[in-house]
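Below is the file query-v6.cif, which contains mmCIF, C-alpha atoms and all ligand atoms.
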```cif
data_final
loop_
_atom_site.label_atom_id
_atom_site.label_comp_id
_atom_site.auth_asym_id
_atom_site.auth_seq_id
_atom_site.Cartn_x
_atom_site.Cartn_y
_atom_site.Cartn_z
CA MET A 347 -35.99 -45.31 61.24
CA ILE A 348 -38.59 -47.88 62.09
CA LEU A 349 -40.74 -47.96 65.21
CA TYR A 350 -41.77 -51.53 65.87
CA ASP A 351 -42.89 -52.90 69.19
CA PRO A 352 -44.31 -56.44 69.39
CA GLY A 353 -46.24 -55.26 72.46
CA LEU A 354 -48.33 -53.05 70.17
CA ASN A 355 -49.55 -55.85 67.88
CA MET A 356 -53.35 -55.95 68.03
CA VAL A 357 -54.61 -59.53 68.29
CA TYR A 358 -58.33 -59.00 67.65
CA LYS A 359 -59.21 -62.67 67.93
CA ALA A 360 -58.20 -62.54 71.60
CA TYR A 361 -61.17 -60.21 72.13
CA GLY A 362 -63.54 -62.38 70.08
CA ILE A 363 -63.42 -59.91 67.16
CA MET A 364 -63.27 -61.77 63.85
CA LEU A 365 -61.91 -59.16 61.46
CA PRO A 366 -59.65 -60.11 58.56
CA ILE A 367 -56.79 -58.26 60.24
CA SER A 368 -53.63 -60.30 60.56
CA PRO A 369 -51.84 -59.71 63.89
CA SER A 370 -48.62 -60.75 62.16
CA ARG A 371 -48.65 -57.97 59.54
CA ALA A 372 -45.92 -55.97 61.29
CA ASP A 373 -43.90 -59.14 62.00
CA ARG A 374 -44.02 -60.16 58.35
CA ILE A 375 -42.82 -56.74 57.23
CA MET A 376 -39.90 -57.06 59.66
CA ASP A 377 -39.10 -60.60 58.43
CA PHE A 378 -39.10 -59.38 54.84
CA LEU A 379 -36.76 -56.47 55.63
CA GLU A 380 -34.45 -58.75 57.58
CA GLN A 381 -34.23 -61.17 54.68
CA ALA A 382 -33.58 -58.29 52.30
CA ALA A 383 -30.76 -57.24 54.68
CA VAL A 384 -31.88 -53.59 54.75
CA LEU A 385 -32.62 -53.13 58.45
CA GLU A 386 -29.12 -51.78 59.05
CA THR A 387 -29.32 -49.34 56.16
CA PRO A 388 -29.29 -45.78 57.51
CA GLY A 389 -32.63 -44.25 56.68
CA VAL A 390 -34.57 -47.51 56.96
CA GLY A 391 -33.00 -48.63 60.23
CA PRO A 392 -32.36 -48.43 63.07
CA VAL A 393 -35.38 -50.14 64.59
CA TYR A 394 -36.71 -48.88 67.92
CA THR A 395 -39.18 -50.29 70.41
CA VAL A 396 -41.24 -47.81 72.41
CA ALA A 397 -38.81 -47.99 75.34
CA GLU A 398 -35.79 -47.55 73.04
CA ALA A 399 -37.48 -44.62 71.30
CA LEU A 400 -38.04 -42.92 74.66
CA ASP A 401 -34.37 -43.44 75.53
CA PHE A 402 -33.24 -42.09 72.16
CA LEU A 403 -35.39 -39.00 72.63
CA GLY A 404 -34.12 -38.51 76.17
CA GLU A 405 -37.62 -38.84 77.60
CA PRO A 406 -38.11 -40.44 81.01
CA ARG A 407 -40.02 -43.68 81.00
CA ALA A 408 -43.27 -43.73 82.95
CA SER A 409 -42.84 -45.32 86.34
CA ASP A 410 -45.20 -48.18 85.61
CA GLU A 411 -43.71 -48.60 82.12
CA ALA A 412 -47.07 -49.69 80.77
CA LEU A 413 -47.14 -48.93 77.05
CA GLU A 414 -50.51 -47.20 77.22
CA ASN A 415 -49.29 -44.75 79.85
CA ALA A 416 -45.75 -44.27 78.57
CA VAL A 417 -46.51 -41.40 76.25
CA ILE A 418 -50.13 -40.29 76.01
CA SER A 419 -52.08 -38.68 78.84
CA ARG A 420 -55.81 -38.18 79.22
CA GLU A 421 -55.28 -34.49 78.55
CA ASP A 422 -53.82 -35.40 75.15
CA LEU A 423 -57.02 -37.25 74.26
CA GLU A 424 -59.25 -34.44 75.55
CA ARG A 425 -57.38 -31.91 73.44
CA VAL A 426 -58.89 -33.57 70.35
CA HIS A 427 -61.99 -35.53 71.35
CA GLN A 428 -65.15 -34.54 73.21
CA LYS A 429 -64.54 -34.62 77.00
CA GLU A 430 -67.73 -36.61 77.67
CA PHE A 431 -66.64 -39.26 75.17
CA ILE A 432 -63.23 -39.59 76.84
CA ALA A 433 -64.90 -39.79 80.27
CA THR A 434 -67.00 -42.67 78.93
CA LEU A 435 -63.83 -44.48 77.86
CA TYR A 436 -62.20 -43.94 81.28
CA GLU A 437 -65.47 -45.07 82.88
CA ASP A 438 -65.80 -42.05 85.15
CA GLY A 439 -68.45 -40.12 83.24
CA PRO A 440 -72.23 -40.11 83.63
CA ASP A 441 -72.48 -43.33 81.58
CA PRO A 442 -70.50 -45.92 83.58
CA GLY A 443 -71.29 -48.81 81.22
CA GLY A 444 -70.50 -46.78 78.14
CA LEU A 445 -67.01 -48.12 77.43
CA VAL A 446 -68.20 -51.46 76.11
CA GLN A 447 -70.86 -49.74 74.00
CA ALA A 448 -68.26 -47.34 72.59
CA LEU A 449 -66.04 -50.30 71.66
CA LEU A 450 -68.94 -52.20 70.10
CA ASN A 451 -69.73 -49.08 68.03
CA ALA A 452 -66.16 -48.44 66.93
CA TRP A 453 -65.66 -51.99 65.65
CA GLU A 454 -69.26 -52.31 64.42
CA LEU A 455 -69.75 -55.50 66.42
CA ILE A 456 -73.53 -55.12 66.59
CA ASP A 457 -75.51 -54.60 63.38
CA ASP A 458 -78.62 -52.46 62.76
CA GLN A 459 -80.88 -55.32 63.87
CA GLY A 460 -79.03 -55.70 67.17
CA ARG A 461 -77.31 -58.94 66.14
CA LEU A 462 -73.66 -59.76 66.73
CA ASN A 463 -71.51 -58.85 63.73
CA ARG A 464 -68.03 -60.41 63.29
CA TYR A 465 -68.06 -60.82 67.06
CA GLU A 466 -67.91 -64.09 69.00
CA PRO A 467 -67.65 -63.13 72.67
CA ASP A 468 -67.59 -66.77 73.78
CA LYS A 469 -64.24 -67.16 72.00
CA ALA A 470 -62.70 -64.12 73.71
CA MET A 471 -59.70 -64.68 75.96
CA LYS A 472 -59.50 -61.05 77.11
CA PRO A 473 -62.18 -58.59 78.21
CA LEU A 474 -63.26 -56.17 75.48
CA GLN A 475 -62.50 -53.21 77.78
CA GLU A 476 -58.77 -53.92 77.43
CA LEU A 477 -58.93 -52.70 73.84
CA PHE A 478 -58.98 -49.14 75.14
CA ARG A 479 -55.54 -49.63 76.70
CA MET A 480 -54.18 -51.13 73.48
CA VAL A 481 -55.53 -48.24 71.44
CA ARG A 482 -53.88 -45.70 73.77
CA ALA A 483 -50.60 -47.56 73.38
CA GLN A 484 -51.03 -47.39 69.59
CA VAL A 485 -51.69 -43.64 69.78
CA GLY A 486 -48.43 -43.28 71.71
CA GLY A 487 -46.63 -45.02 68.87
CA THR A 488 -47.85 -42.47 66.33
CA TYR A 489 -46.68 -39.60 68.51
CA LEU A 490 -43.28 -41.25 69.05
CA ALA A 491 -42.86 -41.89 65.33
CA ALA A 492 -43.37 -38.18 64.72
CA ARG A 493 -40.81 -37.30 67.40
CA LEU A 494 -38.32 -39.76 65.89
CA ALA A 495 -38.81 -38.29 62.42
CA LEU A 496 -38.26 -34.77 63.79
CA SER A 497 -35.09 -35.89 65.60
CA ALA A 498 -33.65 -38.07 62.88
CA GLY A 499 -32.35 -35.43 60.55
CA ALA A 500 -31.06 -33.19 63.33
CA THR A 501 -29.22 -35.74 65.45
CA THR A 502 -28.20 -38.63 63.24
CA GLY A 503 -27.79 -37.08 59.82
CA THR A 504 -30.10 -39.71 58.33
CA PRO A 505 -33.24 -38.78 56.38
CA PRO A 506 -35.92 -37.30 58.64
CA PHE A 507 -38.15 -40.33 58.22
CA CYS A 508 -39.76 -42.82 60.56
CA TYR A 509 -42.07 -45.69 59.63
CA TYR A 510 -44.31 -46.88 62.48
CA LEU A 511 -45.63 -50.42 62.16
CA GLY A 512 -48.94 -49.49 63.80
CA GLY A 513 -51.50 -46.67 64.11
CA GLY A 514 -53.60 -44.93 61.47
CA MET A 515 -57.02 -44.67 63.14
CA HIS A 516 -58.32 -41.99 60.80
CA HIS A 517 -62.06 -42.71 61.08
CA ALA A 518 -62.29 -41.91 64.82
CA ARG A 519 -64.48 -38.86 65.22
CA TYR A 520 -64.98 -36.08 67.74
CA ASP A 521 -67.42 -37.94 69.94
CA SER A 522 -67.29 -41.56 68.83
CA GLY A 523 -65.21 -44.27 67.30
CA ALA A 524 -66.00 -45.58 63.81
CA GLY A 525 -64.59 -47.94 61.20
CA PHE A 526 -62.36 -49.96 63.59
CA CYS A 527 -60.93 -46.71 64.99
CA LEU A 528 -61.64 -45.64 68.58
CA LEU A 529 -59.29 -42.65 68.93
CA ASN A 530 -57.77 -40.53 66.20
CA ASP A 531 -54.05 -41.07 66.75
CA ILE A 532 -53.14 -38.78 63.86
CA MET A 533 -54.88 -35.74 65.34
CA ILE A 534 -53.89 -36.56 68.93
CA ALA A 535 -50.21 -36.75 67.95
CA ALA A 536 -50.41 -33.61 65.79
CA ARG A 537 -52.13 -31.51 68.44
CA LYS A 538 -49.79 -32.74 71.18
CA LEU A 539 -46.83 -31.64 69.06
CA HIS A 540 -48.53 -28.26 68.68
CA ALA A 541 -49.13 -28.00 72.42
CA GLU A 542 -45.46 -28.77 73.05
CA ASN A 543 -44.41 -26.07 70.55
CA ARG A 544 -42.41 -28.56 68.51
CA VAL A 545 -44.03 -27.80 65.14
CA ASN A 546 -46.37 -25.33 63.46
CA LEU A 547 -47.66 -26.41 60.06
CA ILE A 548 -48.41 -30.14 59.70
CA TRP A 549 -49.66 -31.94 56.62
CA VAL A 550 -51.63 -35.16 56.80
CA VAL A 551 -51.29 -37.19 53.61
CA ASP A 552 -53.82 -40.02 53.78
CA VAL A 553 -53.55 -42.72 51.10
CA ASP A 554 -55.74 -45.34 52.78
CA ALA A 555 -58.49 -46.71 50.50
CA HIS A 556 -61.17 -45.10 52.70
CA LYS A 557 -61.55 -41.35 53.10
CA GLY A 558 -59.90 -40.00 56.27
CA CYS A 559 -63.28 -38.74 57.45
CA GLY A 560 -62.54 -38.53 61.19
CA THR A 561 -59.42 -36.48 60.59
CA ALA A 562 -61.30 -34.07 58.29
CA GLU A 563 -64.02 -33.61 60.90
CA LEU A 564 -61.55 -33.04 63.75
CA VAL A 565 -59.56 -30.50 61.74
CA CYS A 566 -62.83 -28.72 60.98
CA PHE A 567 -63.83 -28.64 64.67
CA ALA A 568 -60.40 -27.45 65.76
CA ARG A 569 -60.54 -24.60 63.23
CA GLU A 570 -64.03 -23.62 64.37
CA LYS A 571 -62.82 -23.48 67.97
CA GLY A 572 -59.90 -21.34 66.87
CA ASP A 573 -57.34 -23.95 67.90
CA LEU A 574 -55.97 -24.08 64.37
CA GLY A 575 -55.34 -21.29 61.90
CA VAL A 576 -57.95 -20.38 59.35
CA HIS A 577 -57.22 -20.40 55.66
CA THR A 578 -59.17 -20.07 52.46
CA ASN A 579 -59.80 -23.42 50.87
CA ASP A 580 -59.50 -22.88 47.15
CA PRO A 581 -60.65 -26.09 45.48
CA THR A 582 -59.05 -25.18 42.18
CA GLY A 583 -55.66 -24.90 43.80
CA GLY A 584 -55.03 -21.94 41.54
CA THR A 585 -54.60 -19.30 44.21
CA ALA A 586 -52.62 -20.06 47.29
CA GLY A 587 -54.72 -19.94 50.43
CA HIS A 588 -53.50 -18.18 53.49
CA VAL A 589 -52.19 -20.40 56.24
CA LYS A 590 -51.70 -19.11 59.74
CA SER A 591 -48.63 -20.34 61.49
CA ARG A 592 -50.24 -23.27 63.32
CA ASP A 593 -52.45 -25.51 61.23
CA ILE A 594 -53.05 -29.01 59.94
CA LEU A 595 -53.72 -29.33 56.22
CA ASN A 596 -55.08 -32.67 55.16
CA LEU A 597 -55.07 -34.52 51.88
CA SER A 598 -57.03 -37.71 51.33
CA ILE A 599 -56.94 -39.84 48.16
CA HIS A 600 -59.58 -42.51 48.40
CA MET A 601 -62.35 -44.55 46.79
CA ALA A 602 -64.92 -42.14 45.31
CA ARG A 603 -67.79 -44.34 46.56
CA GLY A 604 -68.59 -46.86 49.27
CA TRP A 605 -67.87 -46.63 52.97
CA PRO A 606 -67.61 -44.15 54.69
CA LEU A 607 -68.99 -41.78 52.05
CA ASP A 608 -72.27 -43.68 51.78
CA ALA A 609 -72.87 -43.68 55.55
CA GLU A 610 -75.32 -40.87 56.29
CA THR A 611 -73.96 -40.05 59.73
CA LEU A 612 -71.74 -41.73 62.23
CA SER A 613 -72.02 -39.10 64.89
CA THR A 614 -75.04 -39.07 67.17
CA ALA A 615 -74.16 -36.04 69.27
CA GLN A 616 -73.29 -33.95 66.22
CA PRO A 617 -76.01 -34.87 63.74
CA GLY A 618 -74.97 -32.09 61.40
CA ARG A 619 -71.69 -33.85 60.79
CA ALA A 620 -71.30 -36.59 58.27
CA PRO A 621 -68.41 -38.50 56.72
CA ARG A 622 -68.47 -36.00 53.91
CA VAL A 623 -66.96 -33.11 55.89
CA PRO A 624 -64.56 -31.86 53.21
CA GLY A 625 -60.84 -32.18 53.70
CA ASP A 626 -58.47 -29.53 52.35
CA VAL A 627 -57.47 -31.61 49.35
CA GLU A 628 -59.60 -34.54 48.25
CA ILE A 629 -58.82 -36.86 45.39
CA PRO A 630 -61.69 -39.31 44.90
CA ILE A 631 -60.78 -42.24 42.63
CA GLU A 632 -63.64 -43.84 40.72
CA GLN A 633 -63.81 -47.60 40.30
CA GLY A 634 -61.61 -48.67 37.39
CA ALA A 635 -59.70 -45.35 37.33
CA GLU A 636 -56.54 -46.73 38.98
CA ALA A 637 -54.46 -45.46 36.05
CA ASP A 638 -55.19 -41.90 37.24
CA TYR A 639 -54.10 -42.56 40.81
CA ILE A 640 -50.43 -41.58 40.72
CA SER A 641 -50.95 -38.42 38.65
CA GLY A 642 -53.85 -37.42 40.92
CA LEU A 643 -51.72 -37.87 44.01
CA ALA A 644 -48.90 -35.81 42.49
CA ARG A 645 -51.34 -32.98 41.71
CA GLY A 646 -52.74 -33.26 45.24
CA LEU A 647 -49.31 -32.76 46.80
CA HIS A 648 -48.81 -29.63 44.72
CA ARG A 649 -52.22 -28.36 45.80
CA LEU A 650 -51.24 -28.85 49.44
CA GLU A 651 -48.12 -26.84 48.73
CA ALA A 652 -50.22 -24.09 47.13
CA LEU A 653 -52.61 -24.02 50.10
CA SER A 654 -49.60 -23.67 52.40
CA GLY A 655 -48.86 -20.31 50.81
CA GLY A 656 -45.12 -20.75 50.62
CA VAL A 657 -44.80 -22.09 54.16
CA LYS A 658 -42.93 -25.40 54.34
CA PRO A 659 -44.59 -27.90 56.70
CA ASP A 660 -42.56 -28.84 59.76
CA LEU A 661 -43.89 -32.39 59.67
CA VAL A 662 -45.95 -34.66 57.44
CA LEU A 663 -47.96 -37.56 58.81
CA VAL A 664 -48.47 -40.13 56.07
CA VAL A 665 -51.44 -42.43 56.68
CA ASP A 666 -50.04 -45.26 54.59
CA GLY A 667 -52.99 -47.65 54.26
CA ALA A 668 -52.30 -50.89 52.41
CA ASP A 669 -55.96 -51.50 51.64
CA PRO A 670 -55.95 -49.95 48.15
CA TYR A 671 -53.87 -53.07 47.25
CA GLU A 672 -55.64 -55.37 44.80
CA HIS A 673 -55.12 -58.36 47.09
CA ASP A 674 -56.60 -56.70 50.17
CA GLY A 675 -58.99 -58.94 52.08
CA LEU A 676 -61.69 -56.44 53.13
CA LEU A 677 -64.85 -56.33 51.05
CA SER A 678 -65.35 -52.59 51.59
CA SER A 679 -61.98 -51.66 50.10
CA GLY A 680 -62.67 -53.55 46.87
CA LEU A 681 -63.54 -50.46 44.80
CA LEU A 682 -59.87 -49.51 44.51
CA LYS A 683 -57.37 -52.06 43.25
CA LEU A 684 -53.80 -50.85 42.92
CA THR A 685 -51.14 -53.35 41.90
CA LEU A 686 -48.17 -53.91 44.19
CA GLU A 687 -46.10 -51.84 41.78
CA GLN A 688 -48.59 -48.95 41.96
CA CYS A 689 -48.64 -49.12 45.78
CA VAL A 690 -44.85 -48.85 45.88
CA GLN A 691 -44.92 -46.08 43.25
CA ARG A 692 -47.43 -44.20 45.42
CA ASP A 693 -45.20 -44.39 48.50
CA ARG A 694 -42.04 -43.56 46.54
CA LEU A 695 -43.74 -40.49 45.07
CA ILE A 696 -44.58 -39.16 48.55
CA TYR A 697 -41.20 -40.13 50.00
CA ASP A 698 -39.20 -38.48 47.21
CA TYR A 699 -41.40 -35.36 47.22
CA LEU A 700 -40.77 -34.85 50.94
CA GLN A 701 -37.10 -35.80 50.93
CA GLU A 702 -36.35 -33.42 48.05
CA ARG A 703 -37.77 -30.65 50.24
CA ASN A 704 -36.14 -31.99 53.41
CA ILE A 705 -39.50 -32.27 55.20
CA PRO A 706 -39.64 -34.72 58.15
CA SER A 707 -42.27 -37.42 57.79
CA ALA A 708 -43.76 -40.04 60.08
CA TRP A 709 -45.56 -42.88 58.33
CA ILE A 710 -48.24 -44.92 60.02
CA MET A 711 -49.45 -48.27 58.78
CA ALA A 712 -53.28 -47.75 58.81
CA GLY A 713 -55.70 -50.05 56.95
CA GLY A 714 -54.70 -53.36 55.42
CA TYR A 715 -56.61 -56.62 55.66
CA GLY A 716 -56.03 -60.30 55.02
CA GLU A 717 -52.92 -62.40 54.58
CA ARG A 718 -51.20 -60.16 52.02
CA ALA A 719 -51.64 -56.78 53.73
CA TRP A 720 -47.94 -56.75 54.68
CA GLU A 721 -46.74 -56.72 51.07
CA PRO A 722 -47.08 -53.00 50.06
CA GLY A 723 -45.29 -51.63 53.14
CA ALA A 724 -42.60 -54.31 53.03
CA HIS A 725 -41.80 -53.73 49.36
CA PHE A 726 -41.74 -49.94 49.76
CA LEU A 727 -39.29 -50.13 52.67
CA GLY A 728 -37.30 -52.92 51.04
CA ILE A 729 -36.77 -50.98 47.83
CA LEU A 730 -35.99 -47.83 49.81
CA GLY A 731 -33.31 -49.74 51.73
CA LEU A 732 -31.73 -51.18 48.60
CA ARG A 733 -31.64 -47.73 47.04
CA MET A 734 -30.02 -46.19 50.14
CA ASP A 735 -27.50 -49.02 50.17
CA ALA A 736 -26.58 -48.37 46.55
CA ASP A 737 -26.26 -44.61 47.23
CA ASN A 738 -23.85 -45.30 50.09
CA GLN A 739 -21.54 -47.45 48.05
ZN ZN A 801 -59.07 -48.24 55.04
#
```
Translate this structure into structure tokens?
Ligand SMILES: [Zn+2]
Amino acid sequence: MILYDPGLNMVYKAYGIMLPISPSRADRIMDFLEQAAVLETPGVGPVYTVAEALDFLGEPRASDEALENAVISREDLERVHQKEFIATLYEDGPDPGGLVQALLNAWELIDDQGRLNRYEPDKAMKPLQELFRMVRAQVGGTYLAARLALSAGATTGTPPFCYYLGGGMHHARYDSGAGFCLLNDIMIAARKLHAENRVNLIWVVDVDAHKGCGTAELVCFAREKGDLGVHTNDPTGGTAGHVKSRDILNLSIHMARGWPLDAETLSTAQPGRAPRVPGDVEIPIEQGAEADYISGLARGLHRLEALSGGVKPDLVLVVDGADPYEHDGLLSSGLLKLTLEQCVQRDRLIYDYLQERNIPSAWIMAGGYGERAWEPGAHFLGILGLRMDADNQ
């Protein structure tokens, strides 16, 4: 299944934000799959918009049908993020002008010297504040993709798999946005599914070039508050840790250096926190060590399995960043350069690992910059479709 809604495409230029993020990335993936004639292949297709996904799931549509309100409530955001931070975003907290500042922070639009950074407000066609609505709509997409993946196997007999052409805001932290991420859609979706008693153990498998630092921090906070089960984190992977029934175990394979690991702190209200809050399984890849990537990822998946102590996850959220790709257009992802073939191998490894174990997975697009960011996702899904087609004949 694919979740694709043109209404969710982020057009940053419309807000005066000059990032090398192509608004047509999702469209180009869809064009590629259409040309490869795989959109009808069960397992890749069918393709749902947000409204169609809600219909398929039997969920009522919100009366105003606005994408940002269709799925995610304020309570869903407050379950994961600091309440004061969310009040700032809704502009009803003690800091009424704080929304714009929070957005400027999240997209790093002002540098240390107070100068504009990649931001040309005179070219904006929309107010910056509107970004908050778009981000909430994107969060809803991640949640829906998870619901579709959970439903797919049970109701349609197709693989329990959904690829969402959006989402992946893994740097968003407890009390602030960071790294182009305002809200952590991965954690919001996961914790909403917990609250609705749909799943217990969730894995997050994050293969974006940058460490999933916001997710690691939020998992850590949720465990400290007792919202998630405790387990022993055995870095050797030799002895299985103990996992309580409701938990989120996270794996991140990422550049060993550079952003965000070299940022001292991104969190003002929690100065003790830094982007180096350890995840459950971390696989740092040094510059030039791309040949070790696939074997490291395979070992990482087995370590997640060991930490799960024999419990099969009910759902895996795959943060499928395209920015490890050698042709990525963002300077800060340049320390990891996988070929297109390695990117596809990476995704196939995860896909096959989960399908062999019949574990539902929702994939979210995450990082990917410049004109060629569509290529890894498109080729993964294209090859998957061709393989399914061959299997069915
Ligand atoms: Zn990234």
(request) Provide the atom CA of Tyr361 of chain A to atom CA of Leu445 of chain A distance in Å, to one decimal place. (result) 14.4 Å
(request) Output the neighbourhood of ligand ZN 801 (chain A) as a VMD selection string, that is, all protein and nucleic acid residues with some atom at most 8 Å from the ligand, counting all atoms listed in the file. (result) chain A and resid 554 to 557 667 to 670 679 712 to 714
(message) So the first atom is atom CA of Val565 of chain A and the second is atom CA of Glu476 of chain A; what is the distance between them in Å, to one decimal place?
(response) 28.2 Å
Per-residue nearest contacts segment 488-591 of chain A to segment 378-389 of chain A, cut-off 7 Å, using all atoms listed in the file, as a tab-separated table:
```
residue	atom	partner	partner_atom	distance
A:Thr504	CA	A:Gly389	CA	5.5
A:Pro505	CA	A:Gly389	CA	5.5
A:Phe507	CA	A:Gly389	CA	6.9
```
(request) Could you tell me which of A:Gly353, A:Leu727, A:Gly391, A:Asp521 comes closest to Ala433 of chain A if we count only C-alpha atoms? (result) A:Asp521
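With atom CA of Leu449 of chain A on one side and atom CA of Phe431 of chain A on the other, the separation reads 11.6 Å.
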(message) Could you check the closest approach to Leu403 of chain A for each of A:Ala536, A:Ala524, A:Val690, A:Ala491 and tell me which residue wins, using all atoms listed in the file?
(response) A:Ala491
(message) Restricting the calculation to only C-alpha atoms: of A:Ser370, A:Gln633, A:Asn530, A:Thr395, which residue gets closest to Tyr358 of chain A?
(response) A:Ser370
Which residues are close to Leu400 of chain A, i.e. within 10 Å by only C-alpha atoms, leaving aside same-chain residues fewer than 6 positions away? Reply as an mmCIF file with C-alpha atoms, keeping the file's coordinate frame.
```cif
data_model
loop_
_atom_site.group_PDB
_atom_site.id
_atom_site.type_symbol
_atom_site.label_atom_id
_atom_site.label_comp_id
_atom_site.auth_asym_id
_atom_site.auth_seq_id
_atom_site.Cartn_x
_atom_site.Cartn_y
_atom_site.Cartn_z
ATOM 1 C CA TYR A 394 -36.710 -48.880 67.920
ATOM 2 C CA PRO A 406 -38.110 -40.440 81.010
ATOM 3 C CA ARG A 407 -40.020 -43.680 81.000
ATOM 4 C CA ALA A 408 -43.270 -43.730 82.950
ATOM 5 C CA ALA A 416 -45.750 -44.270 78.570
ATOM 6 C CA VAL A 417 -46.510 -41.400 76.250
ATOM 7 C CA LEU A 490 -43.280 -41.250 69.050
ATOM 8 C CA ARG A 493 -40.810 -37.300 67.400
ATOM 9 C CA LEU A 494 -38.320 -39.760 65.890
#
```
(request) Kindly indicate which residue among A:Leu653, A:Met376, A:Met347, A:Leu730 lies nearest to Val393 of chain A, using only C-alpha atoms for the distances. (result)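 Closest candidate: A:Met347.
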(message) Here is a test: counting all atoms listed in the file, which residue of A:Ala495, A:Leu681, A:Ala518, A:Val553 is nearest to Ser707 of chain A?
(response)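 Distance minimum relative to Ser707 of chain A lands on A:Ala495.
The list of residues with at least one atom within 7 Å of Lys683 of chain A, based on all atoms listed in the file and without residues fewer than 4 positions apart in the same chain, reads A:Glu636, A:Pro670, A:Tyr671, A:Glu672.
Using only C-alpha atoms for every distance, the candidate list A:Cys559, A:Leu423, A:Ala372, A:Ala609 yields A:Cys559 as the residue closest to His517 of chain A.
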(request) May I have the residues within 9 Å of Leu647 of chain A as an MDAnalysis selection string, using only C-alpha atoms and disregarding those fewer than 5 positions away in the same chain? (result) chainID A and resid 551 597 627 642 652 696 699
(request) Show which residues sit within 9 Å of Lys538 of chain A, as a list in words. Count all atoms listed in the file, and ignore same-chain residues fewer than 6 positions away. (result) Ile418, Asp422, Arg425, Tyr489 and Arg544 of chain A
(message) Can you tell me which residues surround Ala568 of chain A at a distance of at most 12 Å, considering all atoms listed in the file, apart from same-chain residues fewer than 5 positions away, and format the answer as an NGL selection string?
(response) :A and (425-428 or 520 or 533-534 or 536-537 or 561-563 or 573-576 or 592-595)
